[in-house]
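For reference, my_file_17.cif (mmCIF, C-alpha atoms and all ligand atoms):
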data_coords
loop_
_atom_site.group_PDB
_atom_site.id
_atom_site.type_symbol
_atom_site.label_atom_id
_atom_site.label_comp_id
_atom_site.auth_asym_id
_atom_site.auth_seq_id
_atom_site.Cartn_x
_atom_site.Cartn_y
_atom_site.Cartn_z
ATOM 1 C CA MET A 123 -57.057 43.754 -20.273
ATOM 2 C CA ALA A 124 -57.920 41.382 -17.445
ATOM 3 C CA THR A 125 -56.712 42.206 -13.984
ATOM 4 C CA LEU A 126 -56.736 40.020 -10.943
ATOM 5 C CA ALA A 127 -58.017 41.402 -7.647
ATOM 6 C CA THR A 128 -55.465 43.263 -5.544
ATOM 7 C CA PRO A 129 -55.657 43.729 -1.763
ATOM 8 C CA GLU A 130 -57.461 47.033 -2.462
ATOM 9 C CA THR A 131 -60.212 45.409 -4.542
ATOM 10 C CA ASP A 132 -63.665 46.074 -3.086
ATOM 11 C CA TYR A 133 -65.263 43.071 -4.861
ATOM 12 C CA ALA A 134 -68.378 45.053 -5.786
ATOM 13 C CA VAL A 135 -68.197 43.462 -9.233
ATOM 14 C CA LEU A 136 -66.740 40.078 -10.110
ATOM 15 C CA PRO A 137 -63.066 40.654 -11.067
ATOM 16 C CA ASP A 138 -61.780 39.074 -14.279
ATOM 17 C CA LEU A 139 -59.718 35.918 -14.118
ATOM 18 C CA PRO A 140 -56.504 35.973 -16.196
ATOM 19 C CA ALA A 141 -55.451 32.898 -18.196
ATOM 20 C CA ASP A 142 -52.369 32.233 -16.017
ATOM 21 C CA VAL A 143 -54.545 31.449 -13.000
ATOM 22 C CA PHE A 144 -55.279 27.739 -12.859
ATOM 23 C CA THR A 145 -58.731 26.694 -11.649
ATOM 24 C CA ALA A 146 -60.842 23.583 -12.180
ATOM 25 C CA PRO A 147 -62.923 23.833 -15.376
ATOM 26 C CA LEU A 148 -66.660 23.672 -14.645
ATOM 27 C CA GLN A 149 -69.424 23.752 -17.237
ATOM 28 C CA LYS A 150 -71.790 26.604 -16.447
ATOM 29 C CA PRO A 151 -75.465 25.760 -17.024
ATOM 30 C CA ASP A 152 -77.068 28.026 -19.654
ATOM 31 C CA HIS A 153 -79.676 29.484 -17.322
ATOM 32 C CA VAL A 154 -77.218 31.131 -14.914
ATOM 33 C CA SER A 155 -74.963 34.100 -15.619
ATOM 34 C CA ASP A 156 -71.370 34.759 -14.534
ATOM 35 C CA ASP A 157 -72.378 34.992 -10.873
ATOM 36 C CA TRP A 158 -73.732 31.408 -11.072
ATOM 37 C CA LEU A 159 -76.826 32.429 -9.056
ATOM 38 C CA GLU A 160 -80.158 30.725 -9.634
ATOM 39 C CA PRO A 161 -82.915 33.248 -10.433
ATOM 40 C CA ALA A 162 -84.988 31.751 -7.593
ATOM 41 C CA GLN A 163 -84.825 29.018 -4.981
ATOM 42 C CA THR A 164 -86.334 25.650 -5.972
ATOM 43 C CA ASP A 165 -89.994 25.057 -5.209
ATOM 44 C CA TYR A 166 -89.590 22.009 -2.980
ATOM 45 C CA SER A 167 -92.143 19.184 -2.944
ATOM 46 C CA SER A 168 -93.649 17.786 0.247
ATOM 47 C CA ASP A 169 -91.313 14.778 -0.179
ATOM 48 C CA ASP A 170 -88.340 17.155 -0.282
ATOM 49 C CA ASP A 171 -89.533 18.841 2.904
ATOM 50 C CA ALA A 172 -89.960 15.434 4.552
ATOM 51 C CA ILE A 173 -86.359 14.526 3.632
ATOM 52 C CA TRP A 174 -85.155 17.761 5.250
ATOM 53 C CA ASN A 175 -87.192 17.013 8.382
ATOM 54 C CA ASP A 176 -85.859 13.454 8.658
ATOM 55 C CA LEU A 177 -82.262 14.610 8.180
ATOM 56 C CA PHE A 178 -82.804 17.321 10.791
ATOM 57 C CA THR A 179 -84.249 14.847 13.306
ATOM 58 C CA ARG A 180 -81.387 12.417 12.732
ATOM 59 C CA GLN A 181 -78.755 15.090 13.362
ATOM 60 C CA MET A 182 -80.434 16.396 16.505
ATOM 61 C CA LYS A 183 -80.061 12.940 18.063
ATOM 62 C CA VAL A 184 -76.261 13.180 17.879
ATOM 63 C CA LEU A 185 -75.351 16.879 17.929
ATOM 64 C CA PRO A 186 -76.213 18.059 21.479
ATOM 65 C CA GLY A 187 -73.074 17.799 23.622
ATOM 66 C CA ARG A 188 -70.878 17.331 20.535
ATOM 67 C CA ALA A 189 -71.595 20.384 18.358
ATOM 68 C CA ALA A 190 -70.074 23.793 19.188
ATOM 69 C CA SER A 191 -72.426 25.911 21.270
ATOM 70 C CA ALA A 192 -72.252 28.688 18.628
ATOM 71 C CA PHE A 193 -73.607 26.229 16.064
ATOM 72 C CA LEU A 194 -76.489 25.052 18.265
ATOM 73 C CA ALA A 195 -77.306 28.681 19.109
ATOM 74 C CA GLY A 196 -77.323 29.507 15.371
ATOM 75 C CA LEU A 197 -79.787 26.693 14.643
ATOM 76 C CA GLU A 198 -82.113 28.177 17.273
ATOM 77 C CA LYS A 199 -81.699 31.793 16.153
ATOM 78 C CA LEU A 200 -82.632 30.900 12.563
ATOM 79 C CA ASP A 201 -85.236 28.349 13.651
ATOM 80 C CA LEU A 202 -83.974 25.851 11.074
ATOM 81 C CA GLY A 203 -86.016 23.049 12.647
ATOM 82 C CA LYS A 204 -89.396 24.638 12.094
ATOM 83 C CA GLY A 205 -90.167 22.135 9.327
ATOM 84 C CA GLY A 206 -89.270 21.832 5.653
ATOM 85 C CA VAL A 207 -86.422 23.285 3.620
ATOM 86 C CA PRO A 208 -85.896 26.864 4.861
ATOM 87 C CA ASP A 209 -86.801 29.774 2.618
ATOM 88 C CA PHE A 210 -83.535 31.510 1.647
ATOM 89 C CA GLY A 211 -85.128 34.973 1.529
ATOM 90 C CA LYS A 212 -86.560 34.816 5.027
ATOM 91 C CA MET A 213 -83.421 33.153 6.405
ATOM 92 C CA SER A 214 -81.271 35.859 4.791
ATOM 93 C CA GLU A 215 -83.343 38.591 6.432
ATOM 94 C CA GLU A 216 -82.769 37.053 9.846
ATOM 95 C CA LEU A 217 -79.108 36.322 9.178
ATOM 96 C CA GLY A 218 -78.606 39.787 7.697
ATOM 97 C CA ALA A 219 -79.905 41.395 10.885
ATOM 98 C CA LEU A 220 -77.415 39.336 12.934
ATOM 99 C CA THR A 221 -74.175 39.489 10.899
ATOM 100 C CA GLY A 222 -74.924 41.011 7.482
ATOM 101 C CA TRP A 223 -74.716 37.670 5.628
ATOM 102 C CA SER A 224 -77.213 36.283 3.133
ATOM 103 C CA VAL A 225 -77.760 32.843 1.597
ATOM 104 C CA VAL A 226 -78.062 32.610 -2.201
ATOM 105 C CA PRO A 227 -79.092 29.591 -4.324
ATOM 106 C CA VAL A 228 -76.657 27.998 -6.808
ATOM 107 C CA PRO A 229 -77.252 24.976 -9.073
ATOM 108 C CA MET A 230 -74.145 22.934 -8.142
ATOM 109 C CA LEU A 231 -70.539 23.348 -7.057
ATOM 110 C CA ILE A 232 -69.426 26.688 -8.472
ATOM 111 C CA PRO A 233 -65.957 27.832 -9.638
ATOM 112 C CA ASP A 234 -63.546 28.860 -6.913
ATOM 113 C CA HIS A 235 -63.191 32.469 -8.011
ATOM 114 C CA VAL A 236 -66.976 32.975 -8.030
ATOM 115 C CA PHE A 237 -67.313 31.259 -4.644
ATOM 116 C CA PHE A 238 -64.597 33.501 -3.141
ATOM 117 C CA TRP A 239 -66.258 36.576 -4.642
ATOM 118 C CA HIS A 240 -69.595 35.750 -3.005
ATOM 119 C CA LEU A 241 -67.906 35.127 0.361
ATOM 120 C CA ALA A 242 -66.029 38.431 0.093
ATOM 121 C CA ASN A 243 -69.476 40.049 -0.245
ATOM 122 C CA ARG A 244 -70.899 38.113 2.729
ATOM 123 C CA ARG A 245 -73.083 35.931 0.494
ATOM 124 C CA PHE A 246 -73.089 32.189 1.138
ATOM 125 C CA PRO A 247 -73.840 30.139 -2.031
ATOM 126 C CA ALA A 248 -75.991 27.137 -1.094
ATOM 127 C CA GLY A 249 -76.923 24.141 -3.263
ATOM 128 C CA ASN A 250 -80.485 24.487 -4.484
ATOM 129 C CA PHE A 251 -81.350 20.789 -4.642
ATOM 130 C CA ILE A 252 -81.961 18.287 -1.853
ATOM 131 C CA ARG A 253 -80.740 14.670 -1.839
ATOM 132 C CA THR A 254 -83.119 11.772 -2.508
ATOM 133 C CA ARG A 255 -84.056 8.877 -0.221
ATOM 134 C CA GLU A 256 -81.613 6.732 -2.237
ATOM 135 C CA THR A 257 -78.725 9.083 -1.438
ATOM 136 C CA PHE A 258 -79.900 9.899 2.102
ATOM 137 C CA ASP A 259 -76.617 8.833 3.762
ATOM 138 C CA TYR A 260 -74.019 9.934 1.262
ATOM 139 C CA ILE A 261 -74.008 12.545 -1.490
ATOM 140 C CA GLN A 262 -71.246 13.447 -3.935
ATOM 141 C CA GLU A 263 -72.057 17.149 -4.209
ATOM 142 C CA PRO A 264 -73.191 19.332 -1.321
ATOM 143 C CA ASP A 265 -76.983 19.733 -1.269
ATOM 144 C CA VAL A 266 -79.196 22.227 0.527
ATOM 145 C CA PHE A 267 -79.106 20.197 3.746
ATOM 146 C CA HIS A 268 -75.309 20.156 3.920
ATOM 147 C CA ASP A 269 -75.016 23.792 2.889
ATOM 148 C CA VAL A 270 -77.802 25.292 4.995
ATOM 149 C CA PHE A 271 -77.932 23.027 8.051
ATOM 150 C CA GLY A 272 -74.149 22.504 8.097
ATOM 151 C CA HIS A 273 -72.822 25.969 7.226
ATOM 152 C CA VAL A 274 -75.405 28.670 7.846
ATOM 153 C CA PRO A 275 -75.780 28.431 11.673
ATOM 154 C CA MET A 276 -72.075 29.296 12.097
ATOM 155 C CA LEU A 277 -72.629 32.480 10.053
ATOM 156 C CA THR A 278 -74.699 33.824 12.983
ATOM 157 C CA ASP A 279 -71.469 34.030 15.021
ATOM 158 C CA PRO A 280 -69.990 37.508 14.396
ATOM 159 C CA VAL A 281 -66.334 36.440 14.516
ATOM 160 C CA PHE A 282 -66.804 33.327 12.396
ATOM 161 C CA ALA A 283 -68.828 35.437 9.961
ATOM 162 C CA ASP A 284 -65.841 37.798 9.615
ATOM 163 C CA TYR A 285 -63.499 34.823 9.144
ATOM 164 C CA MET A 286 -65.585 33.572 6.212
ATOM 165 C CA GLN A 287 -65.440 36.957 4.509
ATOM 166 C CA GLU A 288 -61.660 37.104 5.031
ATOM 167 C CA TYR A 289 -61.412 33.620 3.569
ATOM 168 C CA GLY A 290 -63.089 34.855 0.393
ATOM 169 C CA ARG A 291 -60.614 37.718 0.122
ATOM 170 C CA ALA A 292 -57.718 35.330 0.842
ATOM 171 C CA GLY A 293 -58.957 33.196 -2.054
ATOM 172 C CA TRP A 294 -58.305 35.967 -4.534
ATOM 173 C CA LYS A 295 -54.809 36.361 -3.144
ATOM 174 C CA ALA A 296 -54.149 32.604 -3.361
ATOM 175 C CA MET A 297 -55.162 32.643 -7.020
ATOM 176 C CA ARG A 298 -52.475 35.207 -7.803
ATOM 177 C CA TYR A 299 -49.919 32.621 -6.630
ATOM 178 C CA ASN A 300 -51.742 29.545 -7.975
ATOM 179 C CA ARG A 301 -51.930 28.159 -4.444
ATOM 180 C CA LEU A 302 -55.651 27.345 -4.278
ATOM 181 C CA LYS A 303 -54.878 23.797 -3.213
ATOM 182 C CA ALA A 304 -53.214 25.061 -0.047
ATOM 183 C CA LEU A 305 -56.048 27.451 0.740
ATOM 184 C CA GLY A 306 -58.484 24.610 0.061
ATOM 185 C CA ALA A 307 -56.803 22.594 2.819
ATOM 186 C CA LEU A 308 -57.382 25.476 5.241
ATOM 187 C CA TYR A 309 -61.099 25.495 4.319
ATOM 188 C CA TRP A 310 -61.263 21.746 4.680
ATOM 189 C CA TYR A 311 -59.684 21.625 8.145
ATOM 190 C CA THR A 312 -61.620 24.625 9.503
ATOM 191 C CA VAL A 313 -64.953 25.378 7.781
ATOM 192 C CA GLU A 314 -65.679 21.726 6.909
ATOM 193 C CA PHE A 315 -63.938 19.648 9.597
ATOM 194 C CA GLY A 316 -62.902 22.062 12.346
ATOM 195 C CA LEU A 317 -63.001 21.296 16.073
ATOM 196 C CA LEU A 318 -63.162 23.827 18.905
ATOM 197 C CA GLU A 319 -62.036 23.635 22.531
ATOM 198 C CA GLU A 320 -64.911 24.511 24.841
ATOM 199 C CA ALA A 321 -64.914 24.521 28.654
ATOM 200 C CA ASP A 322 -66.502 21.058 28.812
ATOM 201 C CA GLY A 323 -64.551 19.396 26.013
ATOM 202 C CA ILE A 324 -63.842 19.344 22.293
ATOM 203 C CA LYS A 325 -66.804 20.227 20.056
ATOM 204 C CA ALA A 326 -67.288 20.343 16.278
ATOM 205 C CA TYR A 327 -67.959 23.498 14.269
ATOM 206 C CA GLY A 328 -67.172 22.141 10.766
ATOM 207 C CA ALA A 329 -70.124 21.631 8.403
ATOM 208 C CA GLY A 330 -68.780 18.348 7.002
ATOM 209 C CA ILE A 331 -68.889 16.904 10.511
ATOM 210 C CA LEU A 332 -72.166 18.498 11.599
ATOM 211 C CA SER A 333 -74.279 17.538 8.587
ATOM 212 C CA GLY A 334 -73.751 13.752 8.895
ATOM 213 C CA PRO A 335 -74.467 11.215 11.661
ATOM 214 C CA THR A 336 -71.162 9.283 11.833
ATOM 215 C CA GLU A 337 -68.313 11.776 11.738
ATOM 216 C CA ILE A 338 -69.632 13.864 14.636
ATOM 217 C CA VAL A 339 -69.094 10.945 17.023
ATOM 218 C CA PHE A 340 -65.816 9.888 15.384
ATOM 219 C CA ALA A 341 -64.347 13.412 15.348
ATOM 220 C CA THR A 342 -65.163 14.247 18.959
ATOM 221 C CA GLU A 343 -64.912 10.880 20.743
ATOM 222 C CA ALA A 344 -63.115 8.130 18.766
ATOM 223 C CA LYS A 345 -59.572 6.978 19.603
ATOM 224 C CA SER A 346 -58.441 6.647 15.950
ATOM 225 C CA PRO A 347 -57.953 10.256 14.789
ATOM 226 C CA ASN A 348 -55.266 12.736 15.758
ATOM 227 C CA ARG A 349 -56.468 16.009 17.254
ATOM 228 C CA ILE A 350 -53.885 18.743 16.820
ATOM 229 C CA MET A 351 -54.040 22.477 17.604
ATOM 230 C CA LEU A 352 -54.519 24.497 14.426
ATOM 231 C CA ASN A 353 -51.473 26.113 12.869
ATOM 232 C CA VAL A 354 -52.352 27.793 9.579
ATOM 233 C CA ASP A 355 -48.915 27.261 7.986
ATOM 234 C CA ARG A 356 -48.930 23.570 8.845
ATOM 235 C CA VAL A 357 -52.533 22.977 7.780
ATOM 236 C CA MET A 358 -51.959 24.542 4.365
ATOM 237 C CA ARG A 359 -49.257 21.925 3.728
ATOM 238 C CA THR A 360 -51.456 18.972 4.766
ATOM 239 C CA ASP A 361 -53.228 16.558 2.425
ATOM 240 C CA TYR A 362 -56.859 15.624 3.083
ATOM 241 C CA VAL A 363 -59.274 12.829 2.233
ATOM 242 C CA ILE A 364 -62.647 13.672 0.714
ATOM 243 C CA SER A 365 -64.490 10.341 0.768
ATOM 244 C CA ASP A 366 -63.737 8.979 4.233
ATOM 245 C CA LEU A 367 -63.491 9.996 7.874
ATOM 246 C CA GLN A 368 -60.528 12.262 8.591
ATOM 247 C CA PRO A 369 -57.374 10.736 10.123
ATOM 248 C CA THR A 370 -56.576 14.132 11.687
ATOM 249 C CA TYR A 371 -58.661 17.045 12.969
ATOM 250 C CA PHE A 372 -57.334 20.490 13.837
ATOM 251 C CA VAL A 373 -58.574 22.225 16.964
ATOM 252 C CA ILE A 374 -58.959 25.961 17.591
ATOM 253 C CA GLU A 375 -59.030 27.725 20.977
ATOM 254 C CA SER A 376 -61.696 30.173 19.844
ATOM 255 C CA PHE A 377 -63.056 31.799 16.697
ATOM 256 C CA GLU A 378 -61.009 34.890 17.580
ATOM 257 C CA ASP A 379 -57.909 32.656 17.440
ATOM 258 C CA LEU A 380 -58.926 31.348 14.001
ATOM 259 C CA TYR A 381 -59.596 34.853 12.719
ATOM 260 C CA ARG A 382 -56.298 36.190 14.070
ATOM 261 C CA GLN A 383 -54.223 33.329 12.667
ATOM 262 C CA THR A 384 -55.703 33.898 9.226
ATOM 263 C CA VAL A 385 -55.893 37.678 9.011
ATOM 264 C CA GLU A 386 -52.541 38.369 10.623
ATOM 265 C CA ARG A 387 -50.590 35.828 8.576
ATOM 266 C CA ASP A 388 -48.597 37.321 5.726
ATOM 267 C CA PHE A 389 -49.971 35.097 2.967
ATOM 268 C CA ASP A 390 -47.730 36.644 0.300
ATOM 269 C CA ARG A 391 -44.655 35.217 2.002
ATOM 270 C CA LEU A 392 -46.389 31.973 2.856
ATOM 271 C CA TYR A 393 -47.482 31.342 -0.752
ATOM 272 C CA ASN A 394 -43.995 32.086 -2.073
ATOM 273 C CA ASN A 395 -42.719 29.353 0.197
ATOM 274 C CA LEU A 396 -45.362 26.692 -0.441
ATOM 275 C CA PRO A 397 -44.730 23.826 -2.853
ATOM 276 C CA ALA A 398 -47.471 23.031 -5.394
ATOM 277 C CA ALA A 399 -48.141 19.634 -3.760
ATOM 278 C CA PHE A 400 -48.844 18.873 -0.111
ATOM 279 C CA THR A 401 -45.897 18.128 2.213
ATOM 280 C CA TYR A 402 -47.615 16.173 4.995
ATOM 281 C CA ALA A 403 -49.774 13.056 4.826
ATOM 282 C CA ASN A 404 -53.197 13.454 6.403
ATOM 283 C CA SER A 405 -52.366 11.026 9.248
ATOM 284 C CA ALA A 406 -48.939 12.519 10.061
ATOM 285 C CA VAL A 407 -47.940 14.052 13.378
ATOM 286 C CA ILE A 408 -44.930 16.333 12.937
ATOM 287 C CA ASP A 409 -42.421 17.689 15.417
ATOM 288 C CA VAL A 410 -43.873 21.204 15.593
ATOM 289 C CA ASP A 411 -47.405 19.961 16.375
ATOM 290 C CA TYR A 412 -49.151 20.784 19.610
ATOM 291 C CA VAL A 413 -51.007 17.485 19.985
ATOM 292 C CA VAL A 414 -54.258 17.285 21.944
ATOM 293 C CA ASN A 415 -54.757 13.536 21.299
ATOM 294 C CA ARG A 416 -52.461 11.335 19.288
ATOM 295 C CA GLY A 417 -54.781 8.906 17.501
ATOM 296 C CA THR A 418 -54.326 5.145 17.253
ATOM 297 C CA GLN A 419 -55.328 5.352 13.523
ATOM 298 C CA GLU A 420 -57.024 1.975 14.069
ATOM 299 C CA TYR A 421 -59.840 2.844 11.630
ATOM 300 C CA LEU A 422 -57.383 3.836 8.869
ATOM 301 C CA LEU A 423 -55.037 0.893 9.517
ATOM 302 C CA ARG A 424 -57.906 -1.604 9.293
ATOM 303 C CA GLY A 425 -58.758 -0.259 5.825
ATOM 304 C CA GLY A 426 -61.139 2.659 6.414
ATOM 305 C CA ASN A 427 -64.163 3.218 4.202
ATOM 306 C CA GLY A 428 -65.553 0.088 2.544
ATOM 307 C CA SER A 429 -63.403 -2.332 4.608
ATOM 308 C CA GLY A 430 -65.969 -2.894 7.328
ATOM 309 C CA ALA A 431 -63.635 -1.224 9.871
ATOM 310 C CA LEU A 432 -65.524 0.332 12.765
ATOM 311 C CA PRO A 433 -65.155 4.104 13.208
ATOM 312 C CA VAL A 434 -63.622 3.727 16.667
HETATM 313 FE FE FE B 501 -69.499 22.411 2.766
#
File written out as structure tokens:
Amino acid sequence: MATLATPETDYAVLPDLPADVFTAPLQKPDHVSDDWLEPAQTDYSSDDDAIWNDLFTRQMKVLPGRAASAFLAGLEKLDLGKGGVPDFGKMSEELGALTGWSVVPVPMLIPDHVFFWHLANRRFPAGNFIRTRETFDYIQEPDVFHDVFGHVPMLTDPVFADYMQEYGRAGWKAMRYNRLKALGALYWYTVEFGLLEEADGIKAYGAGILSGPTEIVFATEAKSPNRIMLNVDRVMRTDYVISDLQPTYFVIESFEDLYRQTVERDFDRLYNNLPAAFTYANSAVIDVDYVVNRGTQEYLLRGGNGSGALPV
């Protein structure tokens, strides 16, 4: 009989998923087993390595002064700019010595319950493939550049590393209530698009911002978006946009603050109270918000992506 993970689960083996838990159906390729792990990392061509190098160079023109200092320190610690797509084994050794995390190759987006299970075991699943020249600026599915350049440096920060593990455990709890959508919003507004207050201004720590050239400037400097202090309950009720710049970013005081807000929140009560759909539009400012900047929403109001509107 299938049982879903309880708070006492140690996640040593992948728990079974009962039929009354609703997740997106994904077709597993034949060559991977239930853990969805590739047997080995891709053997990248010299063209692939050149694409990595060009993406790296492009990002380093815009990240200094705008990326969180923990992220920039992580890039240095793992020496991700030494040339070519990093070797996951060597990177995992270095990362393991710092925070106990490793990076493991997967073929594509993997099912939520498998993703959460890897995170709960301090394994970060990273896309095995790299984008082509034709898709240099925009990709549908996260590739090795987004996953490794965008996500892995933050895993060198001990507190953020603990947050990611807790997120994986929280995922199993959210599944028991069928509230993955709400937990997905928390991931979106922190791990992918999170901002952090530093002494000299607001910086980005989210991988979705840090792995592309446009959103890093928009998120930290533009007048259009709202910047609101993170409140976990509020964020889990907030809709988000996946194919355009965000109308709202949520700001944390510190990674300790993010960890505390997540670990100390009683998610059982929160999930019982959450509707299945989102309550707040992604551009909304609500009366309980602690607003850092109220955005003009000029970019959104002029039509956003595809309209020719400037990301101002
Ligand atoms: Fe990502």
Within 8 Å of ligand FE 501 (chain B) (only C-alpha atoms and all ligand atoms), residues as a VMD selection string: chain A and resid 264 268 to 269 272 to 273 313 to 314 329 to 330
Suppose we keep C-alpha atoms; can you now write the selection as a compact mmCIF listing (two decimals), in the frame of the given file?
# COMPACT_ATOMS: atom_id res chain seq x y z
CA PRO A 264 -73.19 19.33 -1.32
CA HIS A 268 -75.31 20.16 3.92
CA ASP A 269 -75.02 23.79 2.89
CA GLY A 272 -74.15 22.50 8.10
CA HIS A 273 -72.82 25.97 7.23
CA VAL A 313 -64.95 25.38 7.78
CA GLU A 314 -65.68 21.73 6.91
CA ALA A 329 -70.12 21.63 8.40
CA GLY A 330 -68.78 18.35 7.00
Closest of A:Val236, A:Leu177, A:Leu332, A:Leu197 to A:Asp259 - atom-to-atom distances counting all atoms listed in the file: A:Leu177
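Proximity to A:Asp171 at 10 Å, evaluated using all atoms listed in the file and with sequence-adjacent residues fewer than 5 positions away removed, yields Tyr166, Asp176, Leu177, Gly205, Gly206, Val207, Pro208 and Ile252 of chain A.
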Atom CA of A:Thr342 to atom CA of A:Gln368, straight-line distance in Å: 11.5 Å
Cut-off 12 Å around (-64.7, 13.6, 17.0) with all atoms listed in the file: residues as a VMD selection string: chain A and resid 184 to 185 187 to 190 315 to 319 323 to 328 330 to 332 335 to 350 367 to 373 415 417 433 to 434
Padding of 8 Å on every side, edges along x, y and z, all listed atoms of stretch 245-251 of chain A included: what centre and edge lengths in Å, to one decimal, does that box have, as AutoDock Vina command-line options?
--center_x -77.2 --center_y 28.4 --center_z -1.8 --size_x 24.3 --size_y 31.1 --size_z 21.8
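We find atom CA of A:His153 and atom CA of A:Asp132 to be spaced 27.1 Å apart.
Note that atom CA of A:Arg244 and atom CA of A:Pro227 are 13.8 Å apart.
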Given all atoms listed in the file as the counted atoms, nearest of A:Val154, A:Leu380, A:Ala195, A:Val270 to A:Phe282: A:Leu380
Shell of 10 Å around stretch 135-148 of chain A, only C-alpha atoms, local chain residues under 2 positions omitted, as a VMD selection string: chain A and resid 123 to 128 131 to 133 150 to 151 156 to 157 230 to 236 238 to 240 243 294 296 to 303
Long-range neighbours of A:Glu216 as an MDAnalysis selection string, 12 Å cut-off, only C-alpha atoms, 3 positions minimum in chain: chainID A and resid 196:202 208:213 219:225 274:275 277:278
Neighbour list for stretch 354-366 of chain A as a PyMOL selection string, cut-off 8 Å, all atoms listed in the file, skip fewer than 5 positions in-chain: chain A and resi 304-308+310-311+383-384+392+396+399-404+426-427
Option closest in space to A:Gly218, from A:Pro161, A:Pro247, A:Gly293, A:Pro280 [counting all atoms listed in the file]: A:Pro280
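Across A:Tyr381, A:Trp158, A:Tyr421, A:Phe178, the tightest approach to A:Gln287 is made by A:Tyr381 when counting all atoms listed in the file.
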Closest of A:Ala292, A:Ala248, A:Leu217, A:Ala162 to A:Phe267 - atom-to-atom distances counting all atoms listed in the file: A:Ala248
